[in-house]
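Pasted below: query_36.cif, mmCIF, C-alpha atoms.
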data_protein
loop_
_atom_site.label_atom_id
_atom_site.label_comp_id
_atom_site.auth_asym_id
_atom_site.auth_seq_id
_atom_site.Cartn_x
_atom_site.Cartn_y
_atom_site.Cartn_z
CA MET D 1 -19.41 3.31 -2.22
CA GLU D 2 -22.49 1.44 -0.98
CA PRO D 3 -22.79 0.91 2.80
CA LEU D 4 -21.38 -2.41 3.89
CA ALA D 5 -24.11 -5.02 4.24
CA GLY D 6 -24.86 -5.67 7.87
CA PHE D 7 -23.26 -2.40 8.98
CA GLU D 8 -25.73 0.19 7.72
CA THR D 9 -26.05 1.84 11.14
CA ARG D 10 -22.47 1.75 12.41
CA ARG D 11 -18.88 1.46 11.29
CA PRO D 12 -17.31 -2.03 11.27
CA ARG D 13 -14.33 -2.25 13.58
CA VAL D 14 -11.25 -3.99 12.21
CA ALA D 15 -8.17 -4.95 14.25
CA LEU D 16 -4.80 -5.46 12.54
CA LEU D 17 -2.86 -8.08 14.51
CA SER D 18 0.66 -9.48 14.23
CA THR D 19 3.55 -10.42 16.46
CA GLN D 20 5.95 -10.24 13.48
CA LEU D 21 4.93 -7.35 11.20
CA ASP D 22 4.21 -3.67 11.62
CA MET D 23 0.66 -3.81 10.31
CA SER D 24 0.42 -0.04 9.90
CA TYR D 25 1.53 -0.57 6.29
CA LEU D 26 -2.08 -1.62 5.60
CA LEU D 27 -3.63 1.65 6.79
CA PRO D 28 -3.50 3.56 3.46
CA ALA D 29 -5.10 0.64 1.61
CA PHE D 30 -7.91 0.34 4.15
CA ALA D 31 -8.47 4.11 4.01
CA GLU D 32 -8.85 3.85 0.23
CA LEU D 33 -10.78 0.60 -0.20
CA PHE D 34 -12.56 0.08 3.12
CA PRO D 35 -13.06 3.69 4.22
CA GLU D 36 -16.07 2.98 6.42
CA ALA D 37 -14.00 0.70 8.66
CA GLU D 38 -12.66 1.89 11.97
CA VAL D 39 -9.20 0.33 11.89
CA ARG D 40 -7.38 -0.33 15.15
CA LEU D 41 -3.75 -1.25 15.74
CA GLU D 42 -2.08 -2.75 18.77
CA PRO D 43 -1.73 -1.65 21.49
CA ALA D 44 -4.68 0.76 20.98
CA LEU D 45 -7.34 -1.86 20.27
CA GLY D 46 -9.85 -0.36 22.66
CA ASP D 47 -12.74 -2.47 23.89
CA LEU D 48 -12.11 -5.96 22.46
CA ARG D 49 -15.85 -6.68 22.59
CA GLU D 50 -16.33 -4.18 19.77
CA ILE D 51 -14.02 -5.83 17.20
CA ASP D 52 -15.86 -7.25 14.17
CA ALA D 53 -12.91 -8.47 12.09
CA ALA D 54 -9.30 -9.37 12.81
CA VAL D 55 -6.76 -9.15 9.98
CA CYS D 56 -3.84 -11.32 10.98
CA TRP D 57 -0.32 -12.53 10.45
CA MET D 58 0.85 -14.57 13.46
CA PRO D 59 -1.52 -12.82 15.89
CA PRO D 60 -0.81 -12.93 19.63
CA ARG D 61 -1.97 -16.23 21.07
CA GLY D 62 -5.15 -15.97 23.08
CA LEU D 63 -6.10 -12.53 21.78
CA LEU D 64 -8.73 -13.62 19.26
CA ALA D 65 -10.54 -15.59 21.97
CA ARG D 66 -10.99 -12.34 23.91
CA MET D 67 -13.05 -10.79 21.09
CA PRO D 68 -16.61 -12.10 21.67
CA GLY D 69 -18.12 -10.06 18.83
CA LEU D 70 -15.67 -11.30 16.21
CA LYS D 71 -17.31 -12.18 12.88
CA LEU D 72 -14.26 -12.68 10.63
CA ILE D 73 -10.65 -13.76 11.02
CA GLN D 74 -8.80 -12.76 7.84
CA SER D 75 -5.35 -14.16 7.05
CA ILE D 76 -3.15 -11.84 5.00
CA ALA D 77 -1.58 -14.90 3.35
CA ALA D 78 -2.70 -17.97 1.44
CA GLY D 79 -1.99 -20.12 4.51
CA ILE D 80 -3.89 -20.18 7.81
CA ASP D 81 -1.65 -22.28 10.06
CA HIS D 82 -0.14 -19.14 11.59
CA ILE D 83 -3.63 -18.56 13.04
CA THR D 84 -4.95 -22.09 13.63
CA GLY D 85 -1.88 -22.95 15.68
CA ASP D 86 -3.50 -21.01 18.53
CA PRO D 87 -5.43 -23.64 20.55
CA SER D 88 -7.78 -20.94 21.85
CA MET D 89 -8.82 -19.73 18.38
CA PRO D 90 -12.58 -19.10 18.49
CA ALA D 91 -15.06 -20.80 16.15
CA VAL D 92 -15.30 -17.80 13.83
CA PRO D 93 -15.28 -17.82 10.00
CA LEU D 94 -11.67 -17.88 8.82
CA CYS D 95 -10.67 -16.59 5.38
CA ARG D 96 -7.40 -16.71 3.48
CA MET D 97 -6.07 -14.61 0.63
CA VAL D 98 -6.70 -15.63 -2.97
CA ASP D 99 -5.04 -13.07 -5.23
CA PRO D 100 -3.54 -13.29 -8.74
CA ASP D 101 -0.67 -10.96 -7.87
CA MET D 102 0.35 -13.30 -5.06
CA ALA D 103 0.39 -16.23 -7.49
CA ALA D 104 2.47 -14.23 -9.96
CA GLY D 105 4.98 -13.35 -7.25
CA MET D 106 5.28 -16.98 -6.19
CA ALA D 107 5.81 -18.09 -9.79
CA ALA D 108 8.57 -15.51 -10.22
CA TYR D 109 10.36 -16.70 -7.08
CA VAL D 110 10.08 -20.39 -7.96
CA CYS D 111 11.30 -19.81 -11.53
CA TRP D 112 14.27 -17.87 -10.14
CA ALA D 113 15.09 -20.58 -7.61
CA VAL D 114 14.90 -23.35 -10.23
CA THR D 115 16.96 -21.56 -12.86
CA HIS D 116 19.50 -20.17 -10.39
CA ARG D 117 20.49 -23.68 -9.37
CA GLN D 118 19.93 -25.50 -12.67
CA ARG D 119 22.01 -22.91 -14.61
CA HIS D 120 24.81 -22.88 -11.95
CA MET D 121 24.45 -19.19 -11.15
CA ASP D 122 26.25 -19.58 -7.82
CA GLY D 123 29.28 -20.76 -9.78
CA TYR D 124 29.08 -17.78 -12.12
CA LEU D 125 28.81 -15.37 -9.20
CA ALA D 126 31.90 -16.91 -7.60
CA SER D 127 33.79 -16.71 -10.90
CA ALA D 128 32.78 -13.07 -11.38
CA ALA D 129 33.91 -12.20 -7.87
CA ALA D 130 37.30 -13.75 -8.69
CA GLY D 131 37.53 -12.06 -12.09
CA LEU D 132 37.35 -15.38 -13.94
CA TRP D 133 35.73 -16.02 -17.32
CA GLN D 134 34.62 -19.55 -16.63
CA GLU D 135 31.77 -21.54 -18.15
CA GLN D 136 29.62 -24.03 -16.29
CA ALA D 137 27.93 -27.02 -17.92
CA VAL D 138 24.82 -25.92 -19.79
CA GLU D 139 21.77 -28.15 -19.47
CA ALA D 140 18.68 -27.38 -21.54
CA PRO D 141 15.52 -26.72 -19.47
CA GLY D 142 13.82 -29.61 -21.23
CA ALA D 143 16.33 -32.02 -19.72
CA HIS D 144 15.52 -30.91 -16.17
CA ARG D 145 12.50 -32.33 -14.34
CA VAL D 146 10.66 -30.08 -11.87
CA GLY D 147 7.98 -31.50 -9.60
CA ILE D 148 5.41 -29.32 -7.85
CA ALA D 149 4.02 -30.82 -4.64
CA GLY D 150 0.73 -29.02 -4.07
CA LEU D 151 -1.49 -28.04 -6.99
CA GLY D 152 -3.58 -25.27 -5.52
CA ALA D 153 -3.74 -21.86 -7.20
CA LEU D 154 -0.08 -21.11 -6.41
CA GLY D 155 1.19 -24.53 -7.46
CA VAL D 156 -0.68 -24.46 -10.76
CA ARG D 157 0.65 -20.97 -11.55
CA CYS D 158 4.21 -22.14 -10.87
CA ALA D 159 3.75 -25.29 -12.97
CA LEU D 160 2.51 -23.29 -15.94
CA ALA D 161 5.29 -20.71 -15.62
CA LEU D 162 8.02 -23.37 -15.50
CA ARG D 163 6.44 -25.20 -18.43
CA ALA D 164 6.39 -21.95 -20.41
CA ILE D 165 10.19 -21.60 -20.14
CA GLY D 166 10.80 -25.17 -21.18
CA TYR D 167 11.09 -27.28 -18.03
CA ARG D 168 9.59 -30.77 -17.80
CA VAL D 169 6.95 -30.32 -15.13
CA SER D 170 4.96 -32.76 -13.04
CA GLY D 171 2.65 -32.27 -10.10
CA TRP D 172 1.45 -34.16 -7.04
CA SER D 173 -1.57 -33.50 -4.85
CA ARG D 174 -3.51 -35.42 -2.24
CA ASN D 175 -6.50 -35.75 -4.57
CA ALA D 176 -6.67 -36.12 -8.35
CA LYS D 177 -6.46 -32.88 -10.35
CA SER D 178 -7.50 -32.07 -13.90
CA GLY D 179 -7.48 -29.16 -16.28
CA LEU D 180 -3.72 -28.80 -16.74
CA PRO D 181 -1.92 -29.25 -20.07
CA ASP D 182 -1.41 -32.87 -21.11
CA ASP D 183 2.38 -32.60 -20.95
CA ILE D 184 2.30 -31.88 -17.20
CA ALA D 185 2.32 -35.33 -15.60
CA LEU D 186 -0.10 -35.54 -12.68
CA PHE D 187 0.21 -37.79 -9.63
CA HIS D 188 -1.98 -37.99 -6.56
CA GLY D 189 -2.34 -39.77 -3.27
CA ASP D 190 0.13 -41.67 -1.13
CA GLY D 191 0.26 -44.53 -3.62
CA GLN D 192 1.72 -42.33 -6.39
CA ARG D 193 4.01 -40.13 -4.31
CA ALA D 194 7.16 -42.24 -4.66
CA ALA D 195 6.78 -42.37 -8.45
CA PHE D 196 6.35 -38.60 -8.51
CA LEU D 197 9.44 -37.99 -6.37
CA ALA D 198 11.57 -40.30 -8.49
CA ASN D 199 11.08 -37.90 -11.40
CA CYS D 200 12.05 -34.67 -9.61
CA ASP D 201 15.47 -33.19 -10.28
CA THR D 202 14.00 -30.22 -8.45
CA LEU D 203 11.17 -30.64 -5.93
CA VAL D 204 9.07 -27.56 -5.12
CA CYS D 205 6.92 -27.82 -1.99
CA LEU D 206 3.77 -25.71 -2.13
CA LEU D 207 1.58 -27.96 0.00
CA PRO D 208 -0.84 -26.52 2.53
CA TYR D 209 0.10 -27.15 6.12
CA THR D 210 -2.14 -29.76 7.71
CA PRO D 211 -1.63 -32.59 10.21
CA GLU D 212 -1.17 -34.90 7.22
CA THR D 213 1.59 -32.78 5.67
CA HIS D 214 3.49 -32.11 8.91
CA GLY D 215 7.03 -33.41 8.42
CA ILE D 216 6.28 -34.69 4.91
CA LEU D 217 9.75 -33.59 3.74
CA ASP D 218 11.62 -36.26 5.67
CA ALA D 219 14.32 -38.88 5.11
CA LYS D 220 11.87 -41.19 3.34
CA CYS D 221 10.95 -38.40 0.94
CA TYR D 222 14.57 -37.46 0.21
CA ALA D 223 15.49 -41.10 -0.42
CA CYS D 224 12.89 -41.26 -3.20
CA LEU D 225 14.41 -38.31 -5.06
CA PRO D 226 17.18 -38.69 -7.64
CA ARG D 227 20.57 -38.30 -5.96
CA GLY D 228 21.67 -34.67 -5.94
CA ALA D 229 18.13 -33.24 -6.27
CA HIS D 230 17.30 -29.65 -5.37
CA LEU D 231 14.60 -28.94 -2.76
CA ILE D 232 12.71 -25.64 -2.84
CA ASN D 233 10.46 -25.13 0.19
CA VAL D 234 7.96 -22.33 -0.22
CA GLY D 235 5.26 -24.18 1.72
CA ARG D 236 5.70 -24.12 5.49
CA GLY D 237 8.70 -24.68 7.71
CA ALA D 238 6.94 -27.50 9.56
CA HIS D 239 6.81 -29.51 6.34
CA VAL D 240 10.54 -30.12 6.82
CA VAL D 241 12.20 -32.51 9.25
CA GLU D 242 15.30 -30.38 9.70
CA ASP D 243 17.72 -33.05 10.91
CA ASP D 244 16.74 -35.28 7.98
CA LEU D 245 17.31 -32.40 5.57
CA LEU D 246 20.78 -31.68 6.94
CA ARG D 247 21.76 -35.35 6.79
CA ALA D 248 20.51 -35.66 3.21
CA LEU D 249 22.52 -32.60 2.17
CA ASP D 250 25.67 -33.79 3.96
CA SER D 251 25.43 -37.21 2.33
CA GLY D 252 24.86 -35.79 -1.14
CA GLN D 253 21.42 -37.38 -1.51
CA LEU D 254 20.20 -33.81 -1.78
CA GLY D 255 22.42 -31.47 -3.74
CA TYR D 256 20.94 -28.17 -2.59
CA ALA D 257 18.03 -26.62 -0.71
CA THR D 258 16.40 -23.22 -1.20
CA MET D 259 14.44 -22.42 1.94
CA ASP D 260 11.97 -19.56 2.28
CA THR D 261 9.82 -20.74 5.19
CA PHE D 262 10.87 -21.94 8.62
CA THR D 263 9.44 -23.42 11.79
CA GLN D 264 10.73 -20.44 13.73
CA GLU D 265 10.67 -17.00 12.11
CA PRO D 266 12.80 -14.96 12.09
CA LEU D 267 15.30 -17.79 11.68
CA PRO D 268 17.63 -17.71 14.73
CA ALA D 269 21.12 -16.38 14.04
CA ASP D 270 22.72 -19.61 15.23
CA HIS D 271 20.58 -21.89 13.08
CA PRO D 272 22.69 -24.27 10.96
CA TYR D 273 20.87 -23.28 7.77
CA TRP D 274 22.71 -19.95 7.69
CA THR D 275 26.16 -21.45 7.37
CA HIS D 276 25.45 -24.64 5.44
CA PRO D 277 27.17 -24.45 2.02
CA ARG D 278 24.26 -26.17 0.26
CA ILE D 279 21.41 -24.11 1.67
CA ARG D 280 20.17 -20.75 0.45
CA VAL D 281 17.95 -18.89 2.94
CA THR D 282 15.47 -16.18 2.01
CA PRO D 283 13.35 -14.49 4.73
CA HIS D 284 9.84 -15.68 3.79
CA ILE D 285 9.58 -13.33 0.83
CA ALA D 286 8.65 -15.72 -1.99
CA SER D 287 5.37 -13.86 -2.37
CA ARG D 288 3.53 -11.09 -0.58
CA THR D 289 -0.12 -10.13 -0.87
CA PRO D 290 -0.58 -6.50 -1.98
CA ALA D 291 -2.03 -4.31 0.76
CA ARG D 292 -4.90 -3.21 -1.50
CA ALA D 293 -5.91 -6.83 -2.07
CA ILE D 294 -5.99 -7.47 1.69
CA ALA D 295 -8.22 -4.44 2.32
CA ARG D 296 -10.50 -5.28 -0.60
CA GLN D 297 -10.93 -8.94 0.37
CA THR D 298 -11.48 -8.10 4.03
CA ARG D 299 -14.39 -5.84 3.05
CA ILE D 300 -15.87 -8.41 0.65
CA ASN D 301 -15.55 -11.30 3.10
CA LEU D 302 -17.04 -9.40 6.03
CA ALA D 303 -20.02 -8.39 3.85
CA GLN D 304 -20.56 -11.96 2.64
CA ILE D 305 -20.49 -13.29 6.20
CA ALA D 306 -22.93 -10.59 7.36
CA MET D 307 -25.31 -11.63 4.55
CA GLY D 308 -25.16 -15.28 5.57
CA ASN D 309 -22.83 -16.42 2.78
CA THR D 310 -20.03 -17.71 5.01
CA ALA D 311 -19.55 -20.89 2.98
CA MET D 312 -18.66 -18.83 -0.10
CA VAL D 313 -15.59 -17.27 1.50
CA ALA D 314 -14.51 -19.23 4.60
CA VAL D 315 -12.00 -22.09 4.66
CA ASP D 316 -12.10 -25.33 6.60
CA PRO D 317 -9.52 -25.00 9.40
CA ALA D 318 -9.23 -28.77 9.65
CA ARG D 319 -8.20 -29.09 5.99
CA GLY D 320 -5.88 -26.08 6.16
CA TYR D 321 -7.32 -24.38 3.05
#

Can you turn what I pasted into structure tokens?
Amino acid sequence: MEPLAGFETRRPRVALLSTQLDMSYLLPAFAELFPEAEVRLEPALGDLREIDAAVCWMPPRGLLARMPGLKLIQSIAAGIDHITGDPSMPAVPLCRMVDPDMAAGMAAYVCWAVTHRQRHMDGYLASAAAGLWQEQAVEAPGAHRVGIAGLGALGVRCALALRAIGYRVSGWSRNAKSGLPDDIALFHGDGQRAAFLANCDTLVCLLPYTPETHGILDAKCYACLPRGAHLINVGRGAHVVEDDLLRALDSGQLGYATMDTFTQEPLPADHPYWTHPRIRVTPHIASRTPARAIARQTRINLAQIAMGNTAMVAVDPARGY
């Protein structure tokens, strides 16, 4: 393996930081794919002035600002809001994960969530538990409309996967998109959002988290959906106005919600989502980035930044992606 550009005379020092995960699971991947790195875990970070790169999932607030030599902040996810929420975050290149395995995992989860509800699998599970041979109404996938809000790499992969198994798919994004099959209806901008929502029997949120998308899943949004629609949130918890969601479910305007991301994680044991009969909770597992991909991209991104190619790999924190 060639020496890492910019680090020909010393080992790059990488800190693995999280308040939620045991980041030691990344150590074998870094040993294999970034062997020249000196990897440090909390609490044994040593001299913070020596850290070149921080690999993060919900890092401790204020810690990144205490690393004056930091050259890269690497998210282990597609999103960056778990990092940019720290008001003291330094002005250091910030990179997110872009990985085909992550997109495949997200598509698998979304297809499961759509079909589980649309094919009445909860009813079948209840019947099986009671020893009952009992059919539910069968609706062809082509009669069910699924809308994807957010047409980044993950949203496009989900749209194509749902289309491949027969669902009628549409998509909405802030700006106009192209390059998708003609039978996927595309909407964009605030002016077309209501028309998009009106055609969603299931709404899948895969939007990035930005100031503009904060609370976008609110009472106004739910009122635009067909009565009894299914919400799948695999974006961010802060996309959802929780009280509005609960009221929409209790009134029947929403028929069901599958929730994988939350404002507070882990979700508190006394949160009303746990016991609501029309909410299914999963613990932020819709997709995970493989450890080898994280190690590989950290090495590539640090090298690109050292060579002056920051714009090739870094994201715009203000845009959220």

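Restricting the calculation to only C-alpha atoms, the smallest distance between D:Ile148 and any of D:Ile184, D:Val234, D:Val204, D:Cys95 is found for D:Val204.
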
query: Between D:Pro268, D:Gly237, D:Pro93, D:Pro60, which has the minimum distance to D:Pro317 (counting only C-alpha atoms)?
result: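 Answer, going by the shortest atom-to-atom distance: D:Pro93.
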
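Ranking D:Ala77, D:Val110, D:Ala5, D:Met67 by their shortest atom-to-atom distance to D:Ala291, with only C-alpha atoms included, puts D:Ala77 first.
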
task: Find the distance between atom CA of D:Gly46 and atom CA of D:Ile300 and write it in Å to one decimal.
output: 24.2 Å

message: Which residues, named as in the file, does the PyMOL selection byres ((chain D and resi 306) around 12) pick out? Answer as number ranges by chain.
response: D: 4-8, 12, 52-53, 70-72, 93, 299-305, 307-313

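Shortest atom-to-atom contact with D:Val240 among D:Gly215, D:Gly228, D:Gly189, D:Gly105: D:Gly215, counting only C-alpha atoms.
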
- prompt: What does the PyMOL selection byres ((chain D and resi 295) around 8) select in this file, as a list in words?
  reply: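 When the PyMOL selection byres ((chain D and resi 295) around 8) is applied to the shown file, the picked residues are Leu26, Ala29, Phe30, Leu33, Phe34, Ala291, Arg292, Ala293, Ile294, Arg296, Gln297, Thr298 and Arg299 of chain D.
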
Test item: which residues lie within 6 Å of (6.8, -30.9, -15.1) counting all atoms listed in the file, as a JSON list (two decimals) with C-alpha atoms, keeping the file's coordinate frame:
[["chain", "number", "residue", "atom", "x", "y", "z"],
["D", 145, "ARG", "CA", 12.50, -32.33, -14.34],
["D", 146, "VAL", "CA", 10.66, -30.08, -11.87],
["D", 147, "GLY", "CA", 7.98, -31.50, -9.60],
["D", 168, "ARG", "CA", 9.59, -30.77, -17.80],
["D", 169, "VAL", "CA", 6.95, -30.32, -15.13],
["D", 170, "SER", "CA", 4.96, -32.76, -13.04],
["D", 184, "ILE", "CA", 2.30, -31.88, -17.20]]

Fewer than 2 positions away in the same chain doesn't count, so skip those; otherwise give me all residues within 12 Å of stretch 122-133 of chain D, counting all atoms listed in the file, as a PDB file with C-alpha atoms, keeping the file's coordinate frame.
ATOM      1  CA  ALA D 113      15.090 -20.580  -7.610  1.00  0.00           C
ATOM      2  CA  THR D 115      16.960 -21.560 -12.860  1.00  0.00           C
ATOM      3  CA  HIS D 116      19.500 -20.170 -10.390  1.00  0.00           C
ATOM      4  CA  ARG D 117      20.490 -23.680  -9.370  1.00  0.00           C
ATOM      5  CA  GLN D 118      19.930 -25.500 -12.670  1.00  0.00           C
ATOM      6  CA  ARG D 119      22.010 -22.910 -14.610  1.00  0.00           C
ATOM      7  CA  HIS D 120      24.810 -22.880 -11.950  1.00  0.00           C
ATOM      8  CA  GLU D 135      31.770 -21.540 -18.150  1.00  0.00           C
ATOM      9  CA  GLN D 136      29.620 -24.030 -16.290  1.00  0.00           C
ATOM     10  CA  ALA D 137      27.930 -27.020 -17.920  1.00  0.00           C
ATOM     11  CA  VAL D 138      24.820 -25.920 -19.790  1.00  0.00           C
ATOM     12  CA  TYR D 256      20.940 -28.170  -2.590  1.00  0.00           C
ATOM     13  CA  PRO D 277      27.170 -24.450   2.020  1.00  0.00           C
ATOM     14  CA  ARG D 278      24.260 -26.170   0.260  1.00  0.00           C
ATOM     15  CA  ILE D 279      21.410 -24.110   1.670  1.00  0.00           C
ATOM     16  CA  ARG D 280      20.170 -20.750   0.450  1.00  0.00           C
TER      17      ARG D 280
END

field: Evaluate the PyMOL selection byres ((chain D and resi 96) around 6) and report residues as a list in words
entry: Ser75, Ala78, Cys95 and Met97 of chain D

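Considering only C-alpha atoms, the residue among D:Cys224, D:Ile232, D:Leu16, D:Val281 positioned nearest to D:Asn199 is D:Cys224.
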
- request: Please indicate the distance in Å from atom CA of D:Leu245 to atom CA of D:His276, rounded to one decimal place.
  value: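 Pair atom CA of D:Leu245 / atom CA of D:His276 returns 11.2 Å.
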
statement: Shortest contact to D:Tyr222, candidates D:Ala286, D:Ile73, D:Val241, D:Val114, atoms counted only C-alpha atoms, goes to D:Val241

- request: Name all residues at most 10 Å from D:Ala248 (count all atoms listed in the file; drop same-chain ones fewer than 6 positions away) and give them as a PyMOL selection string.
  value: chain D and resi 218-219+222-223+227-228+242+254-256

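Excluding D:Cys158 itself and any same-chain residue fewer than 2 positions from it, the protein and nucleic acid residues within 9 Å of it, counting all atoms listed in the file, are Ala103, Ala104, Met106, Ala107, Ala108, Val110, Cys111, Ile148, Ala153, Leu154, Gly155, Val156, Leu160, Ala161, Leu162 and Arg163 of chain D.
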
query: Any idea what the distance is between atom CA of D:Arg319 and atom CA of D:Thr210?
result: 6.3 Å

Could you give me the centre and size, in Å to one decimal, of an axis-aligned box around all listed atoms of stretch 176-189 of chain D with 6 Å added on every side, as JSON?
{"center_x": -2.6, "center_y": -34.3, "center_z": -12.2, "size_x": 21.9, "size_y": 23.0, "size_z": 29.8}

field: D:Arg174 environment, 8 Å, all atoms listed in the file, sequence neighbours closer than 5 positions dropped, as a PyMOL selection string
entry: chain D and resi 150+188-190

Could you pull out every residue with an atom within 12 Å of (-5.5, -24.0, 24.2), file coordinates, counting all atoms listed in the file, and send them as a compact mmCIF listing (two decimals) with C-alpha atoms, in the coordinates of the input?
# COMPACT_ATOMS: atom_id res chain seq x y z
CA ARG D 61 -1.97 -16.23 21.07
CA GLY D 62 -5.15 -15.97 23.08
CA LEU D 63 -6.10 -12.53 21.78
CA LEU D 64 -8.73 -13.62 19.26
CA ALA D 65 -10.54 -15.59 21.97
CA THR D 84 -4.95 -22.09 13.63
CA GLY D 85 -1.88 -22.95 15.68
CA ASP D 86 -3.50 -21.01 18.53
CA PRO D 87 -5.43 -23.64 20.55
CA SER D 88 -7.78 -20.94 21.85
CA MET D 89 -8.82 -19.73 18.38
CA PRO D 90 -12.58 -19.10 18.49

Fill-in result for stretch 238-254 of chain D, N, CA and C atoms as a short mmCIF file (atom, residue, chain, number, x, y, z; two decimals), in the frame of the given file:
data_model
loop_
_atom_site.label_atom_id
_atom_site.label_comp_id
_atom_site.auth_asym_id
_atom_site.auth_seq_id
_atom_site.Cartn_x
_atom_site.Cartn_y
_atom_site.Cartn_z
N ALA D 238 7.24 -26.24 8.88
CA ALA D 238 6.94 -27.50 9.56
C ALA D 238 6.75 -28.66 8.59
N HIS D 239 6.77 -28.40 7.29
CA HIS D 239 6.81 -29.51 6.34
C HIS D 239 8.15 -30.27 6.42
N VAL D 240 9.18 -29.59 6.89
CA VAL D 240 10.54 -30.12 6.82
C VAL D 240 10.96 -30.73 8.16
N VAL D 241 11.49 -31.93 8.10
CA VAL D 241 12.20 -32.51 9.25
C VAL D 241 13.65 -32.05 9.11
N GLU D 242 14.04 -31.08 9.92
CA GLU D 242 15.30 -30.38 9.70
C GLU D 242 16.52 -31.30 9.80
N ASP D 243 16.56 -32.16 10.79
CA ASP D 243 17.72 -33.05 10.91
C ASP D 243 17.84 -33.96 9.69
N ASP D 244 16.70 -34.43 9.17
CA ASP D 244 16.74 -35.28 7.98
C ASP D 244 17.25 -34.50 6.78
N LEU D 245 16.84 -33.24 6.69
CA LEU D 245 17.31 -32.40 5.57
C LEU D 245 18.82 -32.22 5.64
N LEU D 246 19.34 -31.91 6.81
CA LEU D 246 20.78 -31.68 6.94
C LEU D 246 21.58 -32.95 6.63
N ARG D 247 21.07 -34.08 7.09
CA ARG D 247 21.76 -35.35 6.79
C ARG D 247 21.74 -35.66 5.30
N ALA D 248 20.60 -35.40 4.65
CA ALA D 248 20.51 -35.66 3.21
C ALA D 248 21.45 -34.76 2.41
N LEU D 249 21.60 -33.51 2.84
CA LEU D 249 22.52 -32.60 2.17
C LEU D 249 23.98 -33.02 2.41
N ASP D 250 24.30 -33.40 3.64
CA ASP D 250 25.67 -33.79 3.96
C ASP D 250 26.08 -35.07 3.25
N SER D 251 25.12 -35.95 3.01
CA SER D 251 25.43 -37.21 2.33
C SER D 251 25.47 -37.08 0.82
N GLY D 252 24.94 -35.96 0.30
CA GLY D 252 24.86 -35.79 -1.14
C GLY D 252 23.58 -36.32 -1.76
N GLN D 253 22.71 -36.94 -0.95
CA GLN D 253 21.42 -37.38 -1.51
C GLN D 253 20.63 -36.18 -2.02
N LEU D 254 20.68 -35.09 -1.28
CA LEU D 254 20.20 -33.81 -1.78
C LEU D 254 21.41 -32.97 -2.17
#
